[in-house]
$ cat target-v8.txt   # compact mmCIF, C-alpha atoms (C1' of nucleotides)
# COMPACT_ATOMS: atom_id res chain seq x y z
CA MET A 1 -33.97 22.26 -0.92
CA SER A 2 -36.72 24.56 0.24
CA LEU A 3 -35.60 27.19 2.67
CA THR A 4 -38.54 26.60 4.98
CA ASP A 5 -37.40 23.03 5.10
CA LEU A 6 -33.89 24.07 6.02
CA GLU A 7 -35.10 26.57 8.60
CA SER A 8 -37.17 24.01 10.43
CA LYS A 9 -34.39 21.44 10.30
CA LEU A 10 -32.04 23.94 11.85
CA ARG A 11 -34.57 25.11 14.41
CA ASP A 12 -35.27 21.53 15.47
CA ARG A 13 -31.66 21.27 16.55
CA SER A 14 -31.45 24.82 17.88
CA LEU A 15 -29.05 25.79 15.15
CA LYS A 16 -29.13 29.29 13.75
CA CYS A 17 -30.38 30.15 10.31
CA THR A 18 -27.66 32.50 9.15
CA PRO A 19 -27.35 34.27 5.79
CA GLN A 20 -24.03 32.45 5.28
CA ARG A 21 -25.74 29.09 5.56
CA LEU A 22 -28.46 30.08 3.14
CA GLU A 23 -25.93 31.36 0.63
CA ILE A 24 -23.82 28.21 0.91
CA LEU A 25 -26.87 26.01 0.39
CA LYS A 26 -27.82 28.10 -2.65
CA ALA A 27 -24.31 27.78 -4.05
CA LEU A 28 -24.41 24.02 -3.57
CA HIS A 29 -27.46 23.85 -5.80
CA GLU A 30 -26.06 26.20 -8.42
CA ALA A 31 -22.73 24.42 -8.61
CA PRO A 32 -22.14 21.59 -11.06
CA ALA A 33 -22.97 18.22 -9.54
CA HIS A 34 -20.66 16.90 -6.83
CA PRO A 35 -18.89 20.13 -5.93
CA SER A 36 -15.96 20.27 -3.55
CA ALA A 37 -15.74 22.66 -0.61
CA ASP A 38 -13.53 24.88 -2.71
CA THR A 39 -16.00 24.99 -5.60
CA VAL A 40 -18.75 26.05 -3.23
CA TYR A 41 -16.47 28.61 -1.64
CA ARG A 42 -15.74 30.26 -4.97
CA ILE A 43 -19.40 30.55 -5.89
CA VAL A 44 -20.28 32.02 -2.50
CA GLN A 45 -17.41 34.49 -2.82
CA GLY A 46 -19.09 36.09 -5.81
CA ARG A 47 -22.06 37.27 -3.81
CA PHE A 48 -20.83 37.17 -0.24
CA PRO A 49 -17.10 37.90 -0.30
CA SER A 50 -16.72 38.03 3.47
CA VAL A 51 -17.55 34.33 3.89
CA SER A 52 -14.48 32.38 4.92
CA LEU A 53 -13.46 28.96 3.70
CA ALA A 54 -13.61 27.65 7.25
CA THR A 55 -17.25 28.67 7.42
CA VAL A 56 -17.90 26.81 4.19
CA TYR A 57 -16.33 23.66 5.61
CA LYS A 58 -18.19 24.00 8.90
CA THR A 59 -21.48 24.64 7.14
CA LEU A 60 -21.03 21.68 4.80
CA ASP A 61 -20.51 19.50 7.87
CA THR A 62 -23.65 20.90 9.43
CA LEU A 63 -25.68 20.40 6.26
CA VAL A 64 -24.55 16.79 6.10
CA GLU A 65 -25.46 16.30 9.75
CA ILE A 66 -28.98 17.63 9.34
CA GLY A 67 -29.43 15.64 6.16
CA GLU A 68 -29.67 18.48 3.67
CA ILE A 69 -26.76 17.17 1.61
CA ARG A 70 -24.53 14.10 1.45
CA ILE A 71 -20.94 13.30 0.83
CA ALA A 72 -20.94 11.77 -2.64
CA LEU A 73 -17.42 10.41 -2.34
CA VAL A 74 -13.79 11.38 -2.05
CA SER A 75 -11.96 11.86 -5.33
CA GLU A 76 -8.32 12.88 -5.66
CA GLY A 77 -8.14 13.82 -2.02
CA LYS A 78 -11.15 16.11 -2.21
CA THR A 79 -14.47 15.51 -0.51
CA LEU A 80 -17.27 15.88 -3.05
CA TYR A 81 -20.78 16.74 -1.90
CA ASP A 82 -24.13 15.81 -3.31
CA THR A 83 -27.42 17.67 -3.13
CA ARG A 84 -29.32 14.70 -4.53
CA MET A 85 -30.57 12.85 -1.49
CA SER A 86 -32.54 10.22 -3.34
CA ASN A 87 -30.99 6.83 -3.84
CA HIS A 88 -28.57 6.70 -6.73
CA HIS A 89 -25.04 5.58 -7.57
CA HIS A 90 -21.83 7.02 -8.93
CA PHE A 91 -19.30 6.49 -11.64
CA LEU A 92 -15.76 7.61 -10.83
CA CYS A 93 -13.15 8.14 -13.55
CA ARG A 94 -9.74 7.04 -12.40
CA CYS A 95 -8.02 9.35 -14.87
CA CYS A 96 -9.66 12.72 -14.30
CA GLY A 97 -11.53 12.06 -11.07
CA HIS A 98 -14.81 13.07 -12.65
CA VAL A 99 -17.95 11.78 -10.95
CA GLU A 100 -21.23 11.03 -12.70
CA ASP A 101 -24.59 9.94 -11.42
CA VAL A 102 -25.66 6.44 -12.30
CA ASP A 103 -29.41 6.01 -12.20
CA ILE A 104 -30.09 2.35 -12.06
CA GLN A 105 -32.41 0.53 -9.75
CA LEU A 106 -30.60 -2.29 -8.01
CA ASP A 107 -33.42 -3.99 -6.20
CA CYS A 108 -31.30 -7.00 -5.41
CA MET A 109 -29.05 -4.88 -3.27
CA GLU A 110 -31.82 -3.48 -1.16
CA ASN A 111 -33.44 -6.89 -0.96
CA CYS A 112 -30.50 -8.87 0.31
CA LEU A 113 -29.31 -6.09 2.54
CA PRO A 114 -31.38 -6.66 5.68
CA GLN A 115 -30.73 -10.34 5.93
CA VAL A 116 -27.01 -10.03 5.38
CA MET A 117 -26.22 -7.05 7.54
CA GLY A 118 -29.22 -6.78 9.82
CA LYS A 119 -27.92 -8.74 12.74
CA TYR A 120 -24.50 -7.22 12.83
CA HIS A 121 -24.75 -3.57 11.84
CA GLN A 122 -27.04 -0.64 11.46
CA VAL A 123 -26.88 -0.07 7.75
CA GLU A 124 -28.26 3.30 6.76
CA ARG A 125 -27.65 3.27 3.06
CA SER A 126 -25.67 1.53 0.41
CA GLU A 127 -24.12 2.93 -2.67
CA VAL A 128 -22.33 1.51 -5.63
CA VAL A 129 -19.22 3.14 -7.00
CA PHE A 130 -18.40 2.17 -10.56
CA HIS A 131 -14.70 2.58 -11.24
CA GLY A 132 -13.42 3.10 -14.74
CA VAL A 133 -12.46 5.59 -17.41
CA CYS A 134 -14.90 8.21 -18.59
CA GLN A 135 -15.55 8.86 -22.26
CA LYS A 136 -13.51 12.05 -22.35
CA CYS A 137 -10.42 10.31 -21.03
CA PHE A 138 -10.97 7.22 -23.14
CA GLN A 139 -11.34 9.08 -26.41
CA PRO A 140 -9.68 12.45 -26.01
CA GLU A 141 -10.33 14.66 -29.08
CA ILE A 142 -6.99 14.29 -30.90
CA MET B 143 0.61 -12.78 -2.70
CA SER B 144 3.37 -15.13 -3.73
CA LEU B 145 6.73 -13.50 -4.10
CA THR B 146 7.40 -15.23 -7.37
CA ASP B 147 4.18 -13.67 -8.56
CA LEU B 148 5.30 -10.24 -7.46
CA GLU B 149 8.75 -10.67 -8.94
CA SER B 150 7.40 -11.54 -12.35
CA LYS B 151 4.87 -8.73 -12.25
CA LEU B 152 7.65 -6.30 -11.48
CA ARG B 153 9.98 -7.76 -14.07
CA ASP B 154 7.30 -7.56 -16.74
CA ARG B 155 7.29 -3.81 -16.30
CA SER B 156 11.03 -3.55 -15.76
CA LEU B 157 10.57 -2.52 -12.18
CA LYS B 158 13.08 -3.57 -9.58
CA CYS B 159 12.45 -6.14 -6.93
CA THR B 160 13.88 -4.39 -3.91
CA PRO B 161 13.96 -5.60 -0.30
CA GLN B 162 11.88 -2.55 0.64
CA ARG B 163 9.12 -3.60 -1.71
CA LEU B 164 9.10 -7.15 -0.39
CA GLU B 165 8.98 -5.94 3.18
CA ILE B 166 6.14 -3.54 2.45
CA LEU B 167 4.14 -6.24 0.72
CA LYS B 168 4.73 -8.55 3.67
CA ALA B 169 3.61 -5.84 6.09
CA LEU B 170 0.46 -5.31 4.05
CA HIS B 171 -0.47 -8.92 4.56
CA GLU B 172 0.40 -8.95 8.23
CA ALA B 173 -1.50 -5.76 8.96
CA PRO B 174 -5.15 -5.84 9.98
CA ALA B 175 -7.43 -5.61 6.98
CA HIS B 176 -7.59 -2.27 5.14
CA PRO B 177 -4.44 -0.69 6.52
CA SER B 178 -3.45 2.90 5.82
CA ALA B 179 -0.04 3.94 4.55
CA ASP B 180 0.90 4.88 8.08
CA THR B 181 -0.12 1.50 9.48
CA VAL B 182 2.05 -0.23 6.92
CA TYR B 183 4.89 2.16 7.64
CA ARG B 184 4.85 1.32 11.34
CA ILE B 185 4.95 -2.40 10.72
CA VAL B 186 7.81 -2.08 8.26
CA GLN B 187 9.69 0.12 10.72
CA GLY B 188 9.92 -2.77 13.16
CA ARG B 189 12.05 -4.85 10.84
CA PHE B 190 13.47 -2.34 8.41
CA PRO B 191 13.86 0.96 10.24
CA SER B 192 15.58 2.75 7.40
CA VAL B 193 12.51 2.60 5.16
CA SER B 194 11.01 6.05 4.74
CA LEU B 195 7.34 6.91 4.71
CA ALA B 196 7.73 8.33 1.20
CA THR B 197 8.95 4.96 0.02
CA VAL B 198 5.92 3.31 1.57
CA TYR B 199 3.61 5.70 -0.29
CA LYS B 200 5.48 5.24 -3.55
CA THR B 201 5.50 1.48 -3.18
CA LEU B 202 1.80 1.34 -2.36
CA ASP B 203 1.17 3.28 -5.58
CA THR B 204 3.32 0.84 -7.49
CA LEU B 205 1.61 -2.19 -5.97
CA VAL B 206 -1.78 -0.76 -6.93
CA GLU B 207 -0.55 -0.11 -10.45
CA ILE B 208 0.71 -3.64 -10.97
CA GLY B 209 -2.46 -5.06 -9.45
CA GLU B 210 -1.00 -6.59 -6.30
CA ILE B 211 -3.27 -4.57 -4.01
CA ARG B 212 -6.23 -2.22 -4.29
CA ILE B 213 -7.47 0.92 -2.69
CA ALA B 214 -10.36 -0.27 -0.53
CA LEU B 215 -11.69 3.20 0.08
CA VAL B 216 -10.91 6.55 1.64
CA SER B 217 -12.08 7.00 5.22
CA GLU B 218 -11.47 10.00 7.42
CA GLY B 219 -8.98 11.48 5.03
CA LYS B 220 -6.88 8.34 4.85
CA THR B 221 -6.49 6.01 1.92
CA LEU B 222 -7.09 2.42 3.01
CA TYR B 223 -5.58 -0.42 1.03
CA ASP B 224 -6.80 -3.93 0.43
CA THR B 225 -4.84 -7.07 -0.25
CA ARG B 226 -7.97 -8.98 -1.18
CA MET B 227 -8.23 -8.70 -4.93
CA SER B 228 -11.27 -10.88 -5.39
CA ASN B 229 -14.62 -9.23 -5.78
CA HIS B 230 -16.17 -8.16 -2.50
CA HIS B 231 -17.75 -5.18 -0.85
CA HIS B 232 -17.28 -2.99 2.21
CA PHE B 233 -19.10 -1.74 5.22
CA LEU B 234 -17.98 1.65 6.54
CA CYS B 235 -18.87 2.84 10.03
CA ARG B 236 -19.60 6.53 10.07
CA CYS B 237 -18.69 6.79 13.75
CA CYS B 238 -15.29 5.12 14.02
CA GLY B 239 -14.35 4.79 10.35
CA HIS B 240 -13.94 1.04 10.69
CA VAL B 241 -14.14 -0.93 7.46
CA GLU B 242 -15.36 -4.49 7.17
CA ASP B 243 -15.55 -6.88 4.29
CA VAL B 244 -19.00 -7.76 3.05
CA ASP B 245 -19.09 -11.05 1.21
CA ILE B 246 -22.26 -11.14 -0.73
CA GLN B 247 -22.71 -12.04 -4.33
CA LEU B 248 -24.62 -9.34 -6.16
CA ASP B 249 -25.18 -10.90 -9.53
CA CYS B 250 -27.69 -8.27 -10.52
CA MET B 251 -25.01 -5.63 -10.41
CA GLU B 252 -22.67 -7.44 -12.72
CA ASN B 253 -25.56 -8.36 -14.97
CA CYS B 254 -27.02 -4.95 -15.54
CA LEU B 255 -23.66 -3.27 -15.66
CA PRO B 256 -22.68 -3.74 -19.30
CA GLN B 257 -25.96 -2.59 -20.75
CA VAL B 258 -26.18 0.48 -18.58
CA MET B 259 -22.61 1.74 -18.73
CA GLY B 260 -21.20 -0.01 -21.77
CA LYS B 261 -21.89 2.66 -24.32
CA TYR B 262 -20.72 5.55 -22.26
CA HIS B 263 -17.78 4.43 -20.13
CA GLN B 264 -15.14 1.85 -19.64
CA VAL B 265 -16.20 0.33 -16.36
CA GLU B 266 -13.45 -1.73 -14.78
CA ARG B 267 -15.07 -2.73 -11.54
CA SER B 268 -17.90 -1.84 -9.25
CA GLU B 269 -18.06 -1.94 -5.53
CA VAL B 270 -20.75 -1.39 -2.97
CA VAL B 271 -20.10 0.64 0.12
CA PHE B 272 -22.57 0.04 2.93
CA HIS B 273 -22.75 3.06 5.20
CA GLY B 274 -23.89 2.75 8.77
CA VAL B 275 -22.87 2.23 12.37
CA CYS B 276 -20.84 -0.79 13.39
CA GLN B 277 -21.82 -2.93 16.34
CA LYS B 278 -19.15 -1.55 18.62
CA CYS B 279 -20.34 2.02 18.11
CA PHE B 280 -23.98 1.04 18.29
CA GLN B 281 -23.67 -0.87 21.53
CA PRO B 282 -20.60 0.39 23.32
CA GLU B 283 -19.84 -1.71 26.41
CA ILE B 284 -21.20 0.57 29.18
C1' DT C 285 -33.96 45.87 24.23
C1' DA C 286 -30.92 42.93 26.65
C1' DT C 287 -29.08 38.50 26.84
C1' DT C 288 -26.55 34.56 25.44
C1' DA C 289 -25.36 30.56 23.07
C1' DA C 290 -24.03 29.83 18.57
C1' DA C 291 -21.76 31.28 14.38
C1' DT C 292 -18.45 33.88 12.15
C1' DA C 293 -13.77 35.66 10.04
C1' DA C 294 -9.06 35.33 10.12
C1' DG C 295 -5.49 32.86 10.04
C1' DA C 296 -2.53 29.44 12.39
C1' DA C 297 -2.03 24.59 12.74
C1' DC C 298 -2.46 19.91 11.41
C1' DT C 299 -2.26 15.76 8.54
C1' DA C 300 -2.08 13.02 4.58
C1' DT C 301 0.29 12.99 0.56
C1' DT C 302 3.54 14.38 -3.13
C1' DA C 303 7.72 16.43 -5.02
C1' DT C 304 12.73 17.30 -4.95
C1' DT C 305 17.42 16.09 -4.66
C1' DG C 306 21.46 13.77 -4.06
C1' DT C 307 22.85 8.96 -3.04
C1' DT C 308 22.45 4.06 -3.41
C1' DT C 309 21.37 -0.25 -5.64
C1' DA C 310 19.18 -4.09 -8.54
C1' DG C 311 19.89 -6.25 -12.40
C1' DA C 312 21.54 -6.28 -17.14
C1' DA C 313 25.65 -6.03 -19.95
C1' DT C 314 30.19 -6.64 -20.29
C1' DA D 315 33.25 -10.78 -11.15
C1' DT D 316 33.01 -5.84 -12.54
C1' DT D 317 30.97 -2.08 -14.65
C1' DC D 318 27.11 0.48 -15.85
C1' DT D 319 22.65 2.75 -15.72
C1' DA D 320 18.01 3.41 -14.94
C1' DA D 321 15.31 2.91 -11.13
C1' DA D 322 14.64 3.20 -6.26
C1' DC D 323 15.94 5.01 -2.18
C1' DA D 324 16.21 8.25 2.31
C1' DA D 325 15.72 12.65 3.82
C1' DT D 326 13.21 16.27 3.92
C1' DA D 327 10.82 20.25 1.97
C1' DA D 328 6.54 21.42 -0.01
C1' DT D 329 1.66 21.18 -0.99
C1' DA D 330 -3.26 20.78 -0.34
C1' DG D 331 -7.26 19.78 1.98
C1' DT D 332 -9.15 20.27 6.22
C1' DT D 333 -9.59 21.42 11.16
C1' DC D 334 -8.67 24.20 15.17
C1' DT D 335 -8.29 28.58 17.92
C1' DT D 336 -9.63 32.93 19.33
C1' DA D 337 -11.72 37.13 19.48
C1' DT D 338 -15.79 39.28 17.49
C1' DT D 339 -20.40 39.38 15.81
C1' DT D 340 -25.14 37.94 15.45
C1' DA D 341 -29.68 35.24 15.49
C1' DA D 342 -33.17 34.22 18.27
C1' DT D 343 -35.18 34.08 22.73
C1' DA D 344 -36.69 36.28 27.00
$ encode --input "target-v8.txt" --output "structure tokens"
Amino acid sequence: MSLTDLESKLRDRSLKCTPQRLEILKALHEAPAHPSADTVYRIVQGRFPSVSLATVYKTLDTLVEIGEIRIALVSEGKTLYDTRMSNHHHFLCRCCGHVEDVDIQLDCMENCLPQVMGKYHQVERSEVVFHGVCQKCFQPEI
Amino acid sequence: MSLTDLESKLRDRSLKCTPQRLEILKALHEAPAHPSADTVYRIVQGRFPSVSLATVYKTLDTLVEIGEIRIALVSEGKTLYDTRMSNHHHFLCRCCGHVEDVDIQLDCMENCLPQVMGKYHQVERSEVVFHGVCQKCFQPEI
DNA sequence: TATTAAATAAGAACTATTATTGTTTAGAAT
DNA sequence: ATTCTAAACAATAATAGTTCTTATTTAATA
């Protein structure tokens, strides 16, 4: 998250450290977890109204490429991003599309991974998606 | 997969067993694994040219609802379907978007699942997505 | 300060998907 | 077998998320 970190990551690839990029990264961290491009765009708009949606999309791509953020998953046709880069999993509600972090340690997965996939593919990470119905949708308040 | 199976599933919900639906289901099984709506549409076109793309989408929805097929995952903006209903996982290539089945038994996941999620959500299934680079993209033939 | 490759804003274009509407049809009832 | 009706259909318009294009601006280096 640190800006120095970002700056050096950008510099290493001879990418420019623009105010738009900084603002978009800031917005990503201020947004509720797993924001969409549109969510980020709205937050940025508040402080930097000249930023275009296309720039937000382009910057999100760039941030994913340099490893500052990740794509959490795609829900209801929208790409949702994640600023948490550490290993964790997700719960996805099939009713409202809401995504929640699931913090469980699945050692077995990491353990069996190399032997199963090693010879055939370069596996970079693995993630579990739990599908179901979130509490809100399951027990809506009357 | 059996048509009798499909017919009864449809009848149970008072849905009609139309030739379009049968043809689309057939196409799903003839298609390479994890076809998109468009892939299915093209196959159906060959034998049943009057079928519209909208009908394919609607039917895929219906087939998911009645549990004949699943959504495997969303890759590169396209929803990919799966005729394999038994528990398995997927490998997704970040270069070409190719999806492969991963047949490993992750008991730990099923085991820890109820205690972790039980109180908070209705979890219906869980699936691992392995992200990486497939062999073709990793070692392209010269 | 001048230079230049990269980034930007604006908005058109594209693509997957969904909605609308008028017509047809599967399957139940007669 | 014929009639009936809700459901499904084809055609196509509409929508939404995302990407592309182009002319302009700017960060960072020389």
$ interface_residues --input "target-v8.txt" --of "chain B" --to "chain C" --cutoff "9 Å" --atoms "only C-alpha atoms (C1' of nucleotides)" --output "CSV table (one decimal) with C-alpha atoms, in the coordinates of the input"
chain,number,residue,atom,x,y,z
B,158,LYS,CA,13.1,-3.6,-9.6
B,159,CYS,CA,12.4,-6.1,-6.9
B,160,THR,CA,13.9,-4.4,-3.9
B,196,ALA,CA,7.7,8.3,1.2
B,199,TYR,CA,3.6,5.7,-0.3
B,219,GLY,CA,-9.0,11.5,5.0
B,220,LYS,CA,-6.9,8.3,4.8
B,221,THR,CA,-6.5,6.0,1.9
$ atom_distance --input "target-v8.txt" --atom1 "CA of Phe272 (chain B)" --atom2 "CA of Leu113 (chain A)"
9.1 Å
$ residues_around --input "target-v8.txt" --residues "His29 (chain A)" --least-positions-apart "3" --cutoff "12 Å" --atoms "only C-alpha atoms (C1' of nucleotides)" --output "list in words"
Met1, Ser2, Leu22, Glu23, Ile24, Leu25, Lys26, Pro32, Ala33, His34, Pro35, Thr39, Val40, Ile43, Val44, Glu68, Ile69, Tyr81, Asp82, Thr83 and Arg84 of chain A
$ write_last_selection --input "target-v8.txt" --atoms "C-alpha atoms" --output "CSV table (one decimal), keeping the file's coordinate frame"
chain,number,residue,atom,x,y,z
A,1,MET,CA,-34.0,22.3,-0.9
A,2,SER,CA,-36.7,24.6,0.2
A,22,LEU,CA,-28.5,30.1,3.1
A,23,GLU,CA,-25.9,31.4,0.6
A,24,ILE,CA,-23.8,28.2,0.9
A,25,LEU,CA,-26.9,26.0,0.4
A,26,LYS,CA,-27.8,28.1,-2.6
A,32,PRO,CA,-22.1,21.6,-11.1
A,33,ALA,CA,-23.0,18.2,-9.5
A,34,HIS,CA,-20.7,16.9,-6.8
A,35,PRO,CA,-18.9,20.1,-5.9
A,39,THR,CA,-16.0,25.0,-5.6
A,40,VAL,CA,-18.8,26.0,-3.2
A,43,ILE,CA,-19.4,30.6,-5.9
A,44,VAL,CA,-20.3,32.0,-2.5
A,68,GLU,CA,-29.7,18.5,3.7
A,69,ILE,CA,-26.8,17.2,1.6
A,81,TYR,CA,-20.8,16.7,-1.9
A,82,ASP,CA,-24.1,15.8,-3.3
A,83,THR,CA,-27.4,17.7,-3.1
A,84,ARG,CA,-29.3,14.7,-4.5
$ closest_atom_pairs --input "target-v8.txt" --of "region 3-43 of chain A" --to "region 320-344 of chain D" --cutoff "12 Å" --atoms "only C-alpha atoms (C1' of nucleotides)" --output "JSON lines"
{"residue": "A:Arg11", "atom": "CA", "partner": "D:DA342", "partner_atom": "C1'", "distance": 10.0}
{"residue": "A:Ser14", "atom": "CA", "partner": "D:DA342", "partner_atom": "C1'", "distance": 9.6}
{"residue": "A:Leu15", "atom": "CA", "partner": "D:DA341", "partner_atom": "C1'", "distance": 9.5}
{"residue": "A:Lys16", "atom": "CA", "partner": "D:DA341", "partner_atom": "C1'", "distance": 6.2}
{"residue": "A:Cys17", "atom": "CA", "partner": "D:DA341", "partner_atom": "C1'", "distance": 7.3}
{"residue": "A:Thr18", "atom": "CA", "partner": "D:DA341", "partner_atom": "C1'", "distance": 7.2}
{"residue": "A:Pro19", "atom": "CA", "partner": "D:DA341", "partner_atom": "C1'", "distance": 10.0}
{"residue": "A:Gln20", "atom": "CA", "partner": "D:DT340", "partner_atom": "C1'", "distance": 11.6}
{"residue": "A:Ser36", "atom": "CA", "partner": "D:DG331", "partner_atom": "C1'", "distance": 10.3}
{"residue": "A:Ala37", "atom": "CA", "partner": "D:DG331", "partner_atom": "C1'", "distance": 9.3}
{"residue": "A:Asp38", "atom": "CA", "partner": "D:DG331", "partner_atom": "C1'", "distance": 9.3}
$ write_last_selection --input "target-v8.txt" --atoms "C-alpha atoms" --output "short mmCIF file (atom, residue, chain, number, x, y, z; two decimals), in the coordinates of the input"
data_model
loop_
_atom_site.label_atom_id
_atom_site.label_comp_id
_atom_site.auth_asym_id
_atom_site.auth_seq_id
_atom_site.Cartn_x
_atom_site.Cartn_y
_atom_site.Cartn_z
CA ARG A 11 -34.57 25.11 14.41
CA SER A 14 -31.45 24.82 17.88
CA LEU A 15 -29.05 25.79 15.15
CA LYS A 16 -29.13 29.29 13.75
CA CYS A 17 -30.38 30.15 10.31
CA THR A 18 -27.66 32.50 9.15
CA PRO A 19 -27.35 34.27 5.79
CA GLN A 20 -24.03 32.45 5.28
CA SER A 36 -15.96 20.27 -3.55
CA ALA A 37 -15.74 22.66 -0.61
CA ASP A 38 -13.53 24.88 -2.71
#
$ closest_atom_pairs --input "target-v8.txt" --of "chain B" --to "chain A" --cutoff "8 Å" --atoms "all atoms listed in the file" --output "JSON lines"
{"residue": "B:Val216", "atom": "CA", "partner": "A:Val74", "partner_atom": "CA", "distance": 6.7}
{"residue": "B:Gly219", "atom": "CA", "partner": "A:Gly77", "partner_atom": "CA", "distance": 7.5}
{"residue": "B:Ile246", "atom": "CA", "partner": "A:Val116", "partner_atom": "CA", "distance": 7.8}
{"residue": "B:Leu248", "atom": "CA", "partner": "A:Met109", "partner_atom": "CA", "distance": 6.9}
{"residue": "B:Cys250", "atom": "CA", "partner": "A:Cys108", "partner_atom": "CA", "distance": 6.4}
{"residue": "B:Met251", "atom": "CA", "partner": "A:Leu106", "partner_atom": "CA", "distance": 6.9}
{"residue": "B:Val258", "atom": "CA", "partner": "A:Ile104", "partner_atom": "CA", "distance": 7.8}
{"residue": "B:Tyr262", "atom": "CA", "partner": "A:Gln135", "partner_atom": "CA", "distance": 6.1}
{"residue": "B:His263", "atom": "CA", "partner": "A:Cys134", "partner_atom": "CA", "distance": 5.0}
{"residue": "B:Gln264", "atom": "CA", "partner": "A:Val133", "partner_atom": "CA", "distance": 5.1}
{"residue": "B:Val265", "atom": "CA", "partner": "A:Gly132", "partner_atom": "CA", "distance": 4.2}
{"residue": "B:Glu266", "atom": "CA", "partner": "A:Gly132", "partner_atom": "CA", "distance": 4.8}
{"residue": "B:Arg267", "atom": "CA", "partner": "A:His131", "partner_atom": "CA", "distance": 5.3}
{"residue": "B:Ser268", "atom": "CA", "partner": "A:Phe130", "partner_atom": "CA", "distance": 4.2}
{"residue": "B:Glu269", "atom": "CA", "partner": "A:Val129", "partner_atom": "CA", "distance": 5.4}
{"residue": "B:Val270", "atom": "CA", "partner": "A:Val128", "partner_atom": "CA", "distance": 4.2}
{"residue": "B:Val271", "atom": "CA", "partner": "A:Glu127", "partner_atom": "CA", "distance": 5.4}
{"residue": "B:Phe272", "atom": "CA", "partner": "A:Ser126", "partner_atom": "CA", "distance": 4.3}
{"residue": "B:His273", "atom": "CA", "partner": "A:Arg125", "partner_atom": "CA", "distance": 5.4}
{"residue": "B:Gly274", "atom": "CA", "partner": "A:Val123", "partner_atom": "CA", "distance": 4.2}
{"residue": "B:Val275", "atom": "CA", "partner": "A:Gln122", "partner_atom": "CA", "distance": 5.1}
{"residue": "B:Cys276", "atom": "CA", "partner": "A:His121", "partner_atom": "CA", "distance": 5.0}
{"residue": "B:Gln277", "atom": "CA", "partner": "A:His121", "partner_atom": "CA", "distance": 5.4}
{"residue": "B:Phe280", "atom": "CA", "partner": "A:Gln122", "partner_atom": "CA", "distance": 7.7}
$ atom_distance --input "target-v8.txt" --atom1 "CA of Arg184 (chain B)" --atom2 "CA of Ala169 (chain B)"
9.0 Å
$ atom_distance --input "target-v8.txt" --atom1 "CA of Leu60 (chain A)" --atom2 "CA of Arg212 (chain B)"
29.5 Å
$ closest_residue --input "target-v8.txt" --among "B:Asn253, B:Ile208, B:Ser194, B:Glu172" --to "chain D" --atoms "only C-alpha atoms (C1' of nucleotides)"
B:Ser194
$ decode --input "target-v8.txt" --residues "chain C" --atoms "C-alpha atoms (C1' of nucleotides)" --output "compact mmCIF listing (two decimals), in the first residue's frame"
# COMPACT_ATOMS: atom_id res chain seq x y z
C1' DT C 285 14.49 23.77 -20.37
C1' DA C 286 13.62 20.75 -24.09
C1' DT C 287 12.41 16.26 -25.29
C1' DT C 288 9.66 12.23 -25.65
C1' DA C 289 7.40 8.18 -24.43
C1' DA C 290 3.64 7.37 -21.63
C1' DA C 291 -0.74 8.72 -19.69
C1' DT C 292 -4.80 11.20 -19.95
C1' DA C 293 -9.86 12.81 -21.12
C1' DA C 294 -13.54 12.34 -24.02
C1' DG C 295 -16.37 9.75 -26.09
C1' DA C 296 -17.20 6.26 -29.70
C1' DA C 297 -17.25 1.39 -30.21
C1' DC C 298 -17.56 -3.28 -28.83
C1' DT C 299 -19.33 -7.45 -26.60
C1' DA C 300 -21.79 -10.23 -23.52
C1' DT C 301 -26.10 -10.36 -21.74
C1' DT C 302 -30.96 -9.10 -20.79
C1' DA C 303 -35.49 -7.20 -21.84
C1' DT C 304 -39.46 -6.49 -24.93
C1' DT C 305 -42.99 -7.84 -27.98
C1' DG C 306 -45.77 -10.30 -30.87
C1' DT C 307 -46.12 -15.14 -32.46
C1' DT C 308 -45.88 -20.02 -31.85
C1' DT C 309 -46.24 -24.32 -29.36
C1' DA C 310 -46.14 -28.11 -25.67
C1' DG C 311 -48.97 -30.31 -22.99
C1' DA C 312 -53.14 -30.42 -20.22
C1' DA C 313 -58.13 -30.33 -20.46
C1' DT C 314 -61.93 -31.08 -22.93
